[in-house]
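Everything below belongs to data.cif, which stores mmCIF, C-alpha atoms and all ligand atoms; chains and numbers go by the auth columns.
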```
data_model
loop_
_atom_site.group_PDB
_atom_site.id
_atom_site.type_symbol
_atom_site.label_atom_id
_atom_site.label_comp_id
_atom_site.label_asym_id
_atom_site.label_seq_id
_atom_site.Cartn_x
_atom_site.Cartn_y
_atom_site.Cartn_z
_atom_site.B_iso_or_equiv
_atom_site.auth_seq_id
_atom_site.auth_asym_id
ATOM 1 C CA MET A 1 0.000 0.000 0.000 0.00 1 A
ATOM 2 C CA VAL A 2 1.326 3.412 -0.950 0.00 2 A
ATOM 3 C CA TYR A 3 -0.315 6.495 0.490 0.00 3 A
ATOM 4 C CA GLU A 4 0.592 9.858 -1.054 0.00 4 A
ATOM 5 C CA SER A 5 -0.730 12.772 1.000 0.00 5 A
ATOM 6 C CA GLN A 6 -3.169 15.108 -0.698 0.00 6 A
ATOM 7 C CA HIS A 7 -3.306 17.479 2.266 0.00 7 A
ATOM 8 C CA PRO A 8 -2.974 21.177 1.343 0.00 8 A
ATOM 9 C CA LEU A 9 -0.729 21.888 4.345 0.00 9 A
ATOM 10 C CA VAL A 10 1.608 19.114 3.243 0.00 10 A
ATOM 11 C CA LYS A 11 1.739 20.510 -0.310 0.00 11 A
ATOM 12 C CA HIS A 12 2.446 24.016 0.976 0.00 12 A
ATOM 13 C CA LYS A 13 5.180 22.978 3.410 0.00 13 A
ATOM 14 C CA LEU A 14 6.779 20.633 0.893 0.00 14 A
ATOM 15 C CA THR A 15 7.118 23.498 -1.572 0.00 15 A
ATOM 16 C CA LEU A 16 8.991 25.544 1.046 0.00 16 A
ATOM 17 C CA LEU A 17 11.133 22.523 1.910 0.00 17 A
ATOM 18 C CA ARG A 18 12.201 21.963 -1.699 0.00 18 A
ATOM 19 C CA ASP A 19 13.178 25.599 -2.216 0.00 19 A
ATOM 20 C CA VAL A 20 16.937 25.937 -2.616 0.00 20 A
ATOM 21 C CA ALA A 21 16.699 29.271 -0.772 0.00 21 A
ATOM 22 C CA THR A 22 15.296 27.650 2.409 0.00 22 A
ATOM 23 C CA GLU A 23 18.070 27.727 4.996 0.00 23 A
ATOM 24 C CA SER A 24 18.888 25.012 7.506 0.00 24 A
ATOM 25 C CA LYS A 25 16.861 26.283 10.482 0.00 25 A
ATOM 26 C CA LYS A 26 13.686 26.636 8.436 0.00 26 A
ATOM 27 C CA PHE A 27 14.401 23.322 6.692 0.00 27 A
ATOM 28 C CA ARG A 28 14.504 21.510 10.059 0.00 28 A
ATOM 29 C CA GLU A 29 11.281 23.197 11.143 0.00 29 A
ATOM 30 C CA LEU A 30 9.543 22.062 7.946 0.00 30 A
ATOM 31 C CA ILE A 31 10.817 18.477 8.253 0.00 31 A
ATOM 32 C CA ARG A 32 9.440 18.416 11.793 0.00 32 A
ATOM 33 C CA GLU A 33 6.036 19.774 10.740 0.00 33 A
ATOM 34 C CA LEU A 34 5.725 17.535 7.687 0.00 34 A
ATOM 35 C CA ALA A 35 6.593 14.518 9.828 0.00 35 A
ATOM 36 C CA ILE A 36 3.748 15.359 12.228 0.00 36 A
ATOM 37 C CA LEU A 37 1.264 15.710 9.363 0.00 37 A
ATOM 38 C CA LEU A 38 2.414 12.452 7.775 0.00 38 A
ATOM 39 C CA ALA A 39 2.271 10.607 11.082 0.00 39 A
ATOM 40 C CA TYR A 40 -1.263 11.852 11.622 0.00 40 A
ATOM 41 C CA GLU A 41 -2.270 10.192 8.356 0.00 41 A
ATOM 42 C CA ALA A 42 -0.163 7.073 8.924 0.00 42 A
ATOM 43 C CA THR A 43 -1.622 6.377 12.378 0.00 43 A
ATOM 44 C CA ALA A 44 -5.303 6.671 11.468 0.00 44 A
ATOM 45 C CA ASP A 45 -5.730 2.894 11.887 0.00 45 A
ATOM 46 C CA LEU A 46 -4.057 2.479 15.290 0.00 46 A
ATOM 47 C CA GLN A 47 -6.069 0.369 17.709 0.00 47 A
ATOM 48 C CA VAL A 48 -7.715 1.924 20.762 0.00 48 A
ATOM 49 C CA ARG A 49 -9.621 0.425 23.658 0.00 49 A
ATOM 50 C CA PRO A 50 -12.476 2.133 25.451 0.00 50 A
ATOM 51 C CA VAL A 51 -11.904 3.546 28.943 0.00 51 A
ATOM 52 C CA PRO A 52 -14.184 5.646 31.146 0.00 52 A
ATOM 53 C CA VAL A 53 -12.915 9.139 31.986 0.00 53 A
ATOM 54 C CA GLN A 54 -14.155 11.400 34.743 0.00 54 A
ATOM 55 C CA THR A 55 -14.753 14.973 33.547 0.00 55 A
ATOM 56 C CA PRO A 56 -15.696 17.909 35.835 0.00 56 A
ATOM 57 C CA MET A 57 -19.287 17.315 34.664 0.00 57 A
ATOM 58 C CA GLY A 58 -19.580 13.569 34.878 0.00 58 A
ATOM 59 C CA GLU A 59 -18.284 10.413 33.213 0.00 59 A
ATOM 60 C CA ALA A 60 -17.437 10.188 29.503 0.00 60 A
ATOM 61 C CA GLN A 61 -16.456 7.286 27.300 0.00 61 A
ATOM 62 C CA GLY A 62 -12.800 7.731 26.323 0.00 62 A
ATOM 63 C CA HIS A 63 -10.176 5.714 24.476 0.00 63 A
ATOM 64 C CA VAL A 64 -6.508 4.891 24.930 0.00 64 A
ATOM 65 C CA LEU A 65 -4.037 3.470 22.438 0.00 65 A
ATOM 66 C CA THR A 66 -3.594 -0.274 22.891 0.00 66 A
ATOM 67 C CA ASP A 67 -0.324 -0.738 21.020 0.00 67 A
ATOM 68 C CA LYS A 68 3.116 0.423 22.068 0.00 68 A
ATOM 69 C CA ILE A 69 4.621 2.465 19.248 0.00 69 A
ATOM 70 C CA GLY A 70 8.273 2.560 18.233 0.00 70 A
ATOM 71 C CA LEU A 71 9.747 5.450 16.283 0.00 71 A
ATOM 72 C CA ILE A 72 12.707 4.209 14.265 0.00 72 A
ATOM 73 C CA PRO A 73 14.639 7.056 12.630 0.00 73 A
ATOM 74 C CA ILE A 74 17.273 6.112 10.073 0.00 74 A
ATOM 75 C CA LEU A 75 20.356 8.216 10.898 0.00 75 A
ATOM 76 C CA ARG A 76 21.101 10.864 10.063 0.00 76 A
ATOM 77 C CA ALA A 77 18.301 12.447 8.108 0.00 77 A
ATOM 78 C CA GLY A 78 15.489 10.566 9.855 0.00 78 A
ATOM 79 C CA LEU A 79 16.387 12.250 13.160 0.00 79 A
ATOM 80 C CA GLY A 80 14.597 15.431 12.153 0.00 80 A
ATOM 81 C CA MET A 81 11.317 13.542 11.894 0.00 81 A
ATOM 82 C CA VAL A 82 11.365 12.265 15.488 0.00 82 A
ATOM 83 C CA ASP A 83 10.661 15.156 17.823 0.00 83 A
ATOM 84 C CA GLY A 84 7.416 16.418 16.357 0.00 84 A
ATOM 85 C CA ILE A 85 5.898 12.944 16.146 0.00 85 A
ATOM 86 C CA TRP A 86 7.134 12.130 19.638 0.00 86 A
ATOM 87 C CA GLU A 87 5.307 15.141 21.031 0.00 87 A
ATOM 88 C CA MET A 88 2.092 13.729 19.549 0.00 88 A
ATOM 89 C CA MET A 89 2.731 10.300 21.113 0.00 89 A
ATOM 90 C CA PRO A 90 5.008 10.785 24.129 0.00 90 A
ATOM 91 C CA GLY A 91 4.614 7.162 25.161 0.00 91 A
ATOM 92 C CA ALA A 92 6.485 5.993 22.061 0.00 92 A
ATOM 93 C CA GLU A 93 9.924 4.426 22.287 0.00 93 A
ATOM 94 C CA VAL A 94 12.680 5.697 19.956 0.00 94 A
ATOM 95 C CA TRP A 95 15.157 3.219 18.507 0.00 95 A
ATOM 96 C CA HIS A 96 17.895 4.476 16.170 0.00 96 A
ATOM 97 C CA ILE A 97 19.287 2.679 13.151 0.00 97 A
ATOM 98 C CA GLY A 98 22.480 4.061 11.604 0.00 98 A
ATOM 99 C CA LEU A 99 22.798 3.653 7.850 0.00 99 A
ATOM 100 C CA TYR A 100 24.500 5.638 5.151 0.00 100 A
ATOM 101 C CA ARG A 101 24.459 5.167 1.422 0.00 101 A
ATOM 102 C CA ASP A 102 27.795 4.376 -0.210 0.00 102 A
ATOM 103 C CA GLU A 103 28.236 7.134 -2.800 0.00 103 A
ATOM 104 C CA GLU A 104 29.716 4.789 -5.426 0.00 104 A
ATOM 105 C CA THR A 105 27.564 1.685 -5.123 0.00 105 A
ATOM 106 C CA LEU A 106 24.452 3.401 -3.652 0.00 106 A
ATOM 107 C CA ARG A 107 24.232 0.405 -1.311 0.00 107 A
ATOM 108 C CA PRO A 108 23.377 0.982 2.376 0.00 108 A
ATOM 109 C CA VAL A 109 26.131 0.570 4.966 0.00 109 A
ATOM 110 C CA PHE A 110 25.150 -0.176 8.593 0.00 110 A
ATOM 111 C CA TYR A 111 26.981 1.598 11.382 0.00 111 A
ATOM 112 C CA TYR A 112 24.598 1.722 14.362 0.00 112 A
ATOM 113 C CA ASN A 113 22.017 -0.568 15.909 0.00 113 A
ATOM 114 C CA LYS A 114 21.057 -0.613 19.570 0.00 114 A
ATOM 115 C CA LEU A 115 17.790 -2.497 19.290 0.00 115 A
ATOM 116 C CA PRO A 116 17.247 -4.667 22.367 0.00 116 A
ATOM 117 C CA THR A 117 17.289 -8.414 21.842 0.00 117 A
ATOM 118 C CA SER A 118 13.530 -8.799 21.549 0.00 118 A
ATOM 119 C CA PRO A 119 10.841 -6.383 20.370 0.00 119 A
ATOM 120 C CA THR A 120 9.398 -3.994 22.944 0.00 120 A
ATOM 121 C CA VAL A 121 6.838 -2.336 20.654 0.00 121 A
ATOM 122 C CA GLN A 122 3.906 -3.535 18.553 0.00 122 A
ATOM 123 C CA VAL A 123 3.932 -0.882 15.801 0.00 123 A
ATOM 124 C CA CYS A 124 7.138 0.449 14.237 0.00 124 A
ATOM 125 C CA LEU A 125 7.127 3.744 12.351 0.00 125 A
ATOM 126 C CA VAL A 126 10.335 3.890 10.304 0.00 126 A
ATOM 127 C CA LEU A 127 11.309 7.501 9.635 0.00 127 A
ATOM 128 C CA ASP A 128 13.497 8.713 6.777 0.00 128 A
ATOM 129 C CA PRO A 129 12.742 11.779 4.666 0.00 129 A
ATOM 130 C CA MET A 130 14.121 10.239 1.444 0.00 130 A
ATOM 131 C CA LEU A 131 13.162 6.948 -0.238 0.00 131 A
ATOM 132 C CA ALA A 132 15.474 6.962 -3.272 0.00 132 A
ATOM 133 C CA THR A 133 16.696 3.552 -4.546 0.00 133 A
ATOM 134 C CA GLY A 134 14.995 1.964 -1.530 0.00 134 A
ATOM 135 C CA GLY A 135 18.196 0.233 -0.393 0.00 135 A
ATOM 136 C CA SER A 136 18.288 1.926 3.021 0.00 136 A
ATOM 137 C CA ALA A 137 14.577 1.390 3.653 0.00 137 A
ATOM 138 C CA ILE A 138 14.789 -2.297 2.750 0.00 138 A
ATOM 139 C CA ALA A 139 17.849 -2.800 4.966 0.00 139 A
ATOM 140 C CA ALA A 140 16.112 -1.091 7.905 0.00 140 A
ATOM 141 C CA VAL A 141 12.929 -3.136 7.506 0.00 141 A
ATOM 142 C CA ASP A 142 14.992 -6.338 7.111 0.00 142 A
ATOM 143 C CA MET A 143 16.634 -5.527 10.428 0.00 143 A
ATOM 144 C CA LEU A 144 13.328 -4.791 12.186 0.00 144 A
ATOM 145 C CA LYS A 145 11.814 -8.034 10.917 0.00 145 A
ATOM 146 C CA ARG A 146 14.859 -10.010 12.117 0.00 146 A
ATOM 147 C CA TRP A 147 14.295 -8.276 15.458 0.00 147 A
ATOM 148 C CA GLY A 148 10.743 -9.645 15.462 0.00 148 A
ATOM 149 C CA ALA A 149 8.684 -6.562 14.578 0.00 149 A
ATOM 150 C CA ASN A 150 5.459 -7.572 12.888 0.00 150 A
ATOM 151 C CA GLN A 151 3.696 -4.285 12.166 0.00 151 A
ATOM 152 C CA ILE A 152 5.937 -1.841 10.325 0.00 152 A
ATOM 153 C CA LYS A 153 5.036 1.366 8.480 0.00 153 A
ATOM 154 C CA PHE A 154 7.500 3.427 6.448 0.00 154 A
ATOM 155 C CA LEU A 155 7.197 7.236 6.488 0.00 155 A
ATOM 156 C CA ALA A 156 9.131 9.383 4.000 0.00 156 A
ATOM 157 C CA ILE A 157 8.735 12.931 2.819 0.00 157 A
ATOM 158 C CA LEU A 158 9.806 12.330 -0.774 0.00 158 A
ATOM 159 C CA ALA A 159 10.011 9.075 -2.701 0.00 159 A
ATOM 160 C CA ALA A 160 11.173 8.048 -6.154 0.00 160 A
ATOM 161 C CA PRO A 161 9.019 5.524 -8.034 0.00 161 A
ATOM 162 C CA GLU A 162 12.094 3.239 -8.161 0.00 162 A
ATOM 163 C CA GLY A 163 12.377 3.213 -4.350 0.00 163 A
ATOM 164 C CA ILE A 164 8.696 2.567 -3.849 0.00 164 A
ATOM 165 C CA ALA A 165 8.777 -0.362 -6.271 0.00 165 A
ATOM 166 C CA ALA A 166 11.862 -1.836 -4.584 0.00 166 A
ATOM 167 C CA LEU A 167 10.447 -1.539 -1.051 0.00 167 A
ATOM 168 C CA GLN A 168 7.074 -2.934 -2.107 0.00 168 A
ATOM 169 C CA THR A 169 8.740 -5.899 -3.824 0.00 169 A
ATOM 170 C CA ALA A 170 10.974 -6.679 -0.844 0.00 170 A
ATOM 171 C CA HIS A 171 8.335 -5.985 1.833 0.00 171 A
ATOM 172 C CA PRO A 172 4.804 -5.990 0.375 0.00 172 A
ATOM 173 C CA ASP A 173 3.329 -5.994 3.895 0.00 173 A
ATOM 174 C CA VAL A 174 4.891 -2.615 4.816 0.00 174 A
ATOM 175 C CA PRO A 175 2.666 0.358 3.937 0.00 175 A
ATOM 176 C CA ILE A 176 4.489 3.438 2.659 0.00 176 A
ATOM 177 C CA TYR A 177 3.315 6.951 3.575 0.00 177 A
ATOM 178 C CA VAL A 178 4.830 9.835 1.624 0.00 178 A
ATOM 179 C CA ALA A 179 4.202 13.524 1.163 0.00 179 A
ATOM 180 C CA LYS A 180 4.973 13.239 -2.558 0.00 180 A
ATOM 181 C CA ILE A 181 6.119 10.715 -5.143 0.00 181 A
ATOM 182 C CA ASP A 182 8.571 12.504 -7.416 0.00 182 A
ATOM 183 C CA GLN A 183 9.482 11.834 -11.054 0.00 183 A
ATOM 184 C CA ARG A 184 12.617 9.679 -10.968 0.00 184 A
ATOM 185 C CA LEU A 185 16.174 9.142 -9.778 0.00 185 A
ATOM 186 C CA ASN A 186 19.042 10.854 -11.559 0.00 186 A
ATOM 187 C CA ASP A 187 22.270 9.093 -12.558 0.00 187 A
ATOM 188 C CA ILE A 188 23.795 9.571 -9.080 0.00 188 A
ATOM 189 C CA GLY A 189 20.729 8.215 -7.299 0.00 189 A
ATOM 190 C CA TYR A 190 19.193 11.521 -6.225 0.00 190 A
ATOM 191 C CA ILE A 191 15.466 12.159 -6.371 0.00 191 A
ATOM 192 C CA VAL A 192 14.415 14.588 -9.123 0.00 192 A
ATOM 193 C CA PRO A 193 13.179 17.238 -8.679 0.00 193 A
ATOM 194 C CA GLY A 194 13.568 16.321 -4.994 0.00 194 A
ATOM 195 C CA LEU A 195 15.102 18.654 -2.450 0.00 195 A
ATOM 196 C CA GLY A 196 18.795 17.781 -2.641 0.00 196 A
ATOM 197 C CA ASP A 197 20.561 16.067 0.254 0.00 197 A
ATOM 198 C CA ALA A 198 18.172 15.889 3.194 0.00 198 A
ATOM 199 C CA GLY A 199 20.904 15.156 5.759 0.00 199 A
ATOM 200 C CA ASP A 200 23.195 17.950 4.614 0.00 200 A
ATOM 201 C CA ARG A 201 20.367 20.480 4.429 0.00 201 A
ATOM 202 C CA GLN A 202 19.194 19.667 7.965 0.00 202 A
ATOM 203 C CA PHE A 203 22.591 19.622 9.582 0.00 203 A
ATOM 204 C CA GLY A 204 24.243 22.390 7.565 0.00 204 A
ATOM 205 C CA THR A 205 26.925 20.055 6.257 0.00 205 A
ATOM 206 C CA GLY A 206 26.422 20.443 2.512 0.00 206 A
HETATM 207 C C1 LIG B . 19.865 9.355 2.589 0.00 301 A
HETATM 208 C C2 LIG B . 18.443 9.285 3.072 0.00 301 A
HETATM 209 C C3 LIG B . 18.192 7.796 3.113 0.00 301 A
HETATM 210 C C4 LIG B . 18.987 7.305 1.930 0.00 301 A
HETATM 211 C C5 LIG B . 18.034 7.097 0.783 0.00 301 A
HETATM 212 O O1 LIG B . 20.749 9.122 3.618 0.00 301 A
HETATM 213 O O2 LIG B . 18.240 9.923 4.294 0.00 301 A
HETATM 214 O O3 LIG B . 18.606 7.183 4.314 0.00 301 A
HETATM 215 O O4 LIG B . 19.920 8.344 1.600 0.00 301 A
HETATM 216 O O5 LIG B . 18.665 6.514 -0.278 0.00 301 A
HETATM 217 P P1 LIG B . 18.323 5.050 -0.790 0.00 301 A
HETATM 218 O O6 LIG B . 16.841 4.933 -0.839 0.00 301 A
HETATM 219 O O7 LIG B . 18.951 5.022 -2.170 0.00 301 A
HETATM 220 O O8 LIG B . 18.970 4.063 0.127 0.00 301 A
HETATM 221 P P2 LIG B . 22.332 9.302 3.440 0.00 301 A
HETATM 222 O O9 LIG B . 22.962 8.023 2.981 0.00 301 A
HETATM 223 O O10 LIG B . 22.608 10.494 2.596 0.00 301 A
HETATM 224 O O11 LIG B . 22.836 9.507 4.914 0.00 301 A
HETATM 225 P P3 LIG B . 22.568 10.720 5.942 0.00 301 A
HETATM 226 O O12 LIG B . 21.131 10.658 6.320 0.00 301 A
HETATM 227 O O13 LIG B . 23.486 10.381 7.057 0.00 301 A
HETATM 228 O O14 LIG B . 22.932 12.014 5.268 0.00 301 A
HETATM 229 N N1 LIG B . 19.291 11.036 -0.220 0.00 302 A
HETATM 230 C C1 LIG B . 19.008 12.364 -0.192 0.00 302 A
HETATM 231 O O1 LIG B . 19.267 13.045 0.818 0.00 302 A
HETATM 232 N N2 LIG B . 18.453 12.924 -1.280 0.00 302 A
HETATM 233 C C2 LIG B . 18.157 12.222 -2.387 0.00 302 A
HETATM 234 O O2 LIG B . 17.625 12.796 -3.356 0.00 302 A
HETATM 235 C C3 LIG B . 18.455 10.843 -2.403 0.00 302 A
HETATM 236 C C4 LIG B . 19.018 10.277 -1.287 0.00 302 A
#
```

Now, as a test, write the supplied structure out as structure tokens.
Amino acid sequence: MVYESQHPLVKHKLTLLRDVATESKKFRELIRELAILLAYEATADLQVRPVPVQTPMGEAQGHVLTDKIGLIPILRAGLGMVDGIWEMMPGAEVWHIGLYRDEETLRPVFYYNKLPTSPTVQVCLVLDPMLATGGSAIAAVDMLKRWGANQIKFLAILAAPEGIAALQTAHPDVPIYVAKIDQRLNDIGYIVPGLGDAGDRQFGTG
């Protein structure tokens, strides 16, 4: 399942994010806001159970989330998507996966994993602003499945059709939520028209 947001706020903020004139501070702010909007759409099917709640006026029927949620940012660029979502669901756990893309081969290289030995969450939201060839996303989901995660959703801001096809082929059970599916990858594996290098633009390292 691929879900491309049609929300006007997402379209507006994505336009600002793409703009080459948007500086790092604003870029981080937009990544944070877009992540919240995407997470809102991606969590519409979370399970809740009914609980009574006492209001100043009497008793109401309320609900609480039943599943423990894990936020799994792929370092570095996924980090910027954590804080806003975490504010919306402060009970979530955050588990980091470190991956970078080899510039020559475009293959993902692992450098950090501190997942505990067995899963502690029921729903994993994998966060990475860019789904390009799909190599990093597939490697992260492979790792989460080896860990024992059984409900995984992938959230990206921009995706290339090539990356979506690759992730869907490797992991057809993992729904993909994106702000926008762009045209294609260029010959060095960047999304076109894209937004450039999401990590460098967030961290001012470009
Ligand atoms: C970027 C991006 C993804 C990956 C996408 O990370 O944040 O993790 O590339 O490319 P793929 O779909 O072809 O694997 P990058 O390797 O630039 O590392 P960074 O986040 O540390 O800058
Ligand atoms: N990683 C990025 O940061 N941007 C792209 O366009 C592709 C991969």

- Task: Any chance you could resolve the PyMOL selection byres (((chain A and resi 76) around 12) and not hetatm) against this file and give the residues as an MDAnalysis selection string?
- Result: chainID A and resid 72:75 77:82 96:101 110:112 127:130 136 197:203 205

- Message: List as a ChimeraX atom specification the residues having at least one atom at most 12 Å from position (11.9, 3.6, -3.1) as given in the file, counting only C-alpha atoms.
- Response: /A:2,128-139,154-171,176-178,180-185,189-191

For this structure, which residues satisfy the selection - the PyMOL selection byres (((chain A and resi 25) around 10) and not hetatm) - when it is evaluated on the file as given? I want them as a PDB file with C-alpha atoms, keeping the file's coordinate frame.
```pdb
ATOM      1  CA  THR A  22      15.296  27.650   2.409  1.00  0.00           C
ATOM      2  CA  GLU A  23      18.070  27.727   4.996  1.00  0.00           C
ATOM      3  CA  SER A  24      18.888  25.012   7.506  1.00  0.00           C
ATOM      4  CA  LYS A  26      13.686  26.636   8.436  1.00  0.00           C
ATOM      5  CA  PHE A  27      14.401  23.322   6.692  1.00  0.00           C
ATOM      6  CA  ARG A  28      14.504  21.510  10.059  1.00  0.00           C
ATOM      7  CA  GLU A  29      11.281  23.197  11.143  1.00  0.00           C
ATOM      8  CA  LEU A  30       9.543  22.062   7.946  1.00  0.00           C
ATOM      9  CA  ARG A 201      20.367  20.480   4.429  1.00  0.00           C
ATOM     10  CA  GLN A 202      19.194  19.667   7.965  1.00  0.00           C
ATOM     11  CA  PHE A 203      22.591  19.622   9.582  1.00  0.00           C
ATOM     12  CA  GLY A 204      24.243  22.390   7.565  1.00  0.00           C
TER      13      GLY A 204
END
```

- Message: the PyMOL selection byres (((chain A and resi 119) around 9) and not hetatm) - which residues does that actually catch in the file I just gave you? List them as a list of chain:residue names.
- Response: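 With the PyMOL selection byres (((chain A and resi 119) around 9) and not hetatm) on this model, the match is A:Leu115, A:Pro116, A:Thr117, A:Ser118, A:Thr120, A:Val121, A:Gln122, A:Leu144, A:Trp147, A:Gly148, A:Ala149.
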
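Across the model, the gap from CA of Thr66 (chain A) to CA of Pro52 (chain A) is 14.7 Å.
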
Can you tell me, as lines of an AutoDock Vina configuration file, the centre and edge lengths (Å, one decimal) of the axis-aligned box enclosing all of ligand LIG 301 (chain A)'s listed atoms after padding each side by 8 Å?
```
center_x = 20.2
center_y = 8.0
center_z = 2.4
size_x = 22.6
size_y = 24.0
size_z = 25.2
```

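If you measure from each of A:Val109, A:Val192, A:Leu71, A:Val174 to Met89 (chain A) using all atoms listed in the file, the closest one turns out to be A:Leu71.
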
- Query: Of the residues A:Val10, A:Leu195, A:Leu17, A:Leu65, which is the one nearest to Ala44 (chain A), using all atoms listed in the file?
  - Reply: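 Residue with the minimum atom-to-atom distance to Ala44 (chain A): A:Leu65.
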
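Interatomic distance, CA of Glu104 (chain A) against CA of Asp187 (chain A): 11.2 Å.
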
- Which residue gives the smallest distance to ligand LIG 302 (chain A) among A:Ala179, A:Gln54, A:Arg18, A:Ala60, with only C-alpha atoms and all ligand atoms counted? A:Arg18

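Look at everything within 9 Å of (-8.1, 3.3, 20.3) using only C-alpha atoms, and the residues you get are Asp45, Leu46, Gln47, Val48, Arg49, Pro50, Gly62, His63, Val64, Leu65, Thr66 and Asp67 of chain A.
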
- Task: Could you check which of A:Gln151, A:Asn186, A:Asn113, A:Thr43 is closest to ligand LIG 302 (chain A), using all atoms listed in the file?
- Result: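 Closest residue, counting all atoms listed in the file: A:Asn186.
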
- Message: Let me make sure I understand: among A:Gly58, A:Pro175, A:Pro108, A:Pro193, which one has the smallest atom-to-atom distance to Tyr3 (chain A) if we use all atoms listed in the file?
- Response: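 Among the listed residues, A:Pro175 lies closest to Tyr3 (chain A).
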
- How far is it from CA of Lys68 (chain A) to CA of Leu14 (chain A), in Å with one decimal?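 About the pair CA of Lys68 (chain A) and CA of Leu14 (chain A): they are 29.5 Å apart.
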
- Item | Distance criterion (only C-alpha atoms and all ligand atoms): nearest to ligand LIG 301 (chain A) out of A:Ile31, A:Asn150, A:Leu38, A:Trp95 |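 Once distances to ligand LIG 301 (chain A) are computed over only C-alpha atoms and all ligand atoms, the minimum belongs to A:Ile31.
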
N, CA and C atoms are what I want for region 19-37 of chain A; can you complete it accordingly and write them as a CSV table (one decimal), in the coordinates of the input?
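What landed in part.csv:
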```
chain,number,residue,atom,x,y,z
A,19,ASP,N,12.6,24.4,-1.7
A,19,ASP,CA,13.2,25.6,-2.2
A,19,ASP,C,14.7,25.7,-1.8
A,20,VAL,N,15.5,25.9,-2.8
A,20,VAL,CA,16.9,25.9,-2.6
A,20,VAL,C,17.3,27.1,-1.7
A,21,ALA,N,16.4,28.1,-1.6
A,21,ALA,CA,16.7,29.3,-0.8
A,21,ALA,C,16.3,29.0,0.7
A,22,THR,N,15.7,27.9,1.0
A,22,THR,CA,15.3,27.6,2.4
A,22,THR,C,16.5,27.2,3.2
A,23,GLU,N,16.8,28.0,4.2
A,23,GLU,CA,18.1,27.7,5.0
A,23,GLU,C,17.8,26.7,6.1
A,24,SER,N,18.9,26.2,6.7
A,24,SER,CA,18.9,25.0,7.5
A,24,SER,C,17.9,25.1,8.7
A,25,LYS,N,17.8,26.2,9.3
A,25,LYS,CA,16.9,26.3,10.5
A,25,LYS,C,15.4,26.1,10.0
A,26,LYS,N,15.0,26.8,9.0
A,26,LYS,CA,13.7,26.6,8.4
A,26,LYS,C,13.5,25.2,7.9
A,27,PHE,N,14.5,24.7,7.3
A,27,PHE,CA,14.4,23.3,6.7
A,27,PHE,C,14.1,22.3,7.8
A,28,ARG,N,14.8,22.4,8.9
A,28,ARG,CA,14.5,21.5,10.1
A,28,ARG,C,13.1,21.7,10.6
A,29,GLU,N,12.6,22.9,10.7
A,29,GLU,CA,11.3,23.2,11.1
A,29,GLU,C,10.2,22.5,10.2
A,30,LEU,N,10.5,22.6,8.9
A,30,LEU,CA,9.5,22.1,7.9
A,30,LEU,C,9.6,20.5,8.0
A,31,ILE,N,10.7,19.9,8.1
A,31,ILE,CA,10.8,18.5,8.3
A,31,ILE,C,10.0,18.0,9.5
A,32,ARG,N,10.2,18.7,10.5
A,32,ARG,CA,9.4,18.4,11.8
A,32,ARG,C,7.9,18.5,11.6
A,33,GLU,N,7.5,19.6,10.9
A,33,GLU,CA,6.0,19.8,10.7
A,33,GLU,C,5.5,18.8,9.7
A,34,LEU,N,6.2,18.5,8.7
A,34,LEU,CA,5.7,17.5,7.7
A,34,LEU,C,5.7,16.1,8.3
A,35,ALA,N,6.6,15.8,9.2
A,35,ALA,CA,6.6,14.5,9.8
A,35,ALA,C,5.3,14.4,10.7
A,36,ILE,N,5.0,15.4,11.4
A,36,ILE,CA,3.7,15.4,12.2
A,36,ILE,C,2.5,15.1,11.3
A,37,LEU,N,2.4,15.9,10.2
A,37,LEU,CA,1.3,15.7,9.4
A,37,LEU,C,1.2,14.3,8.7
```
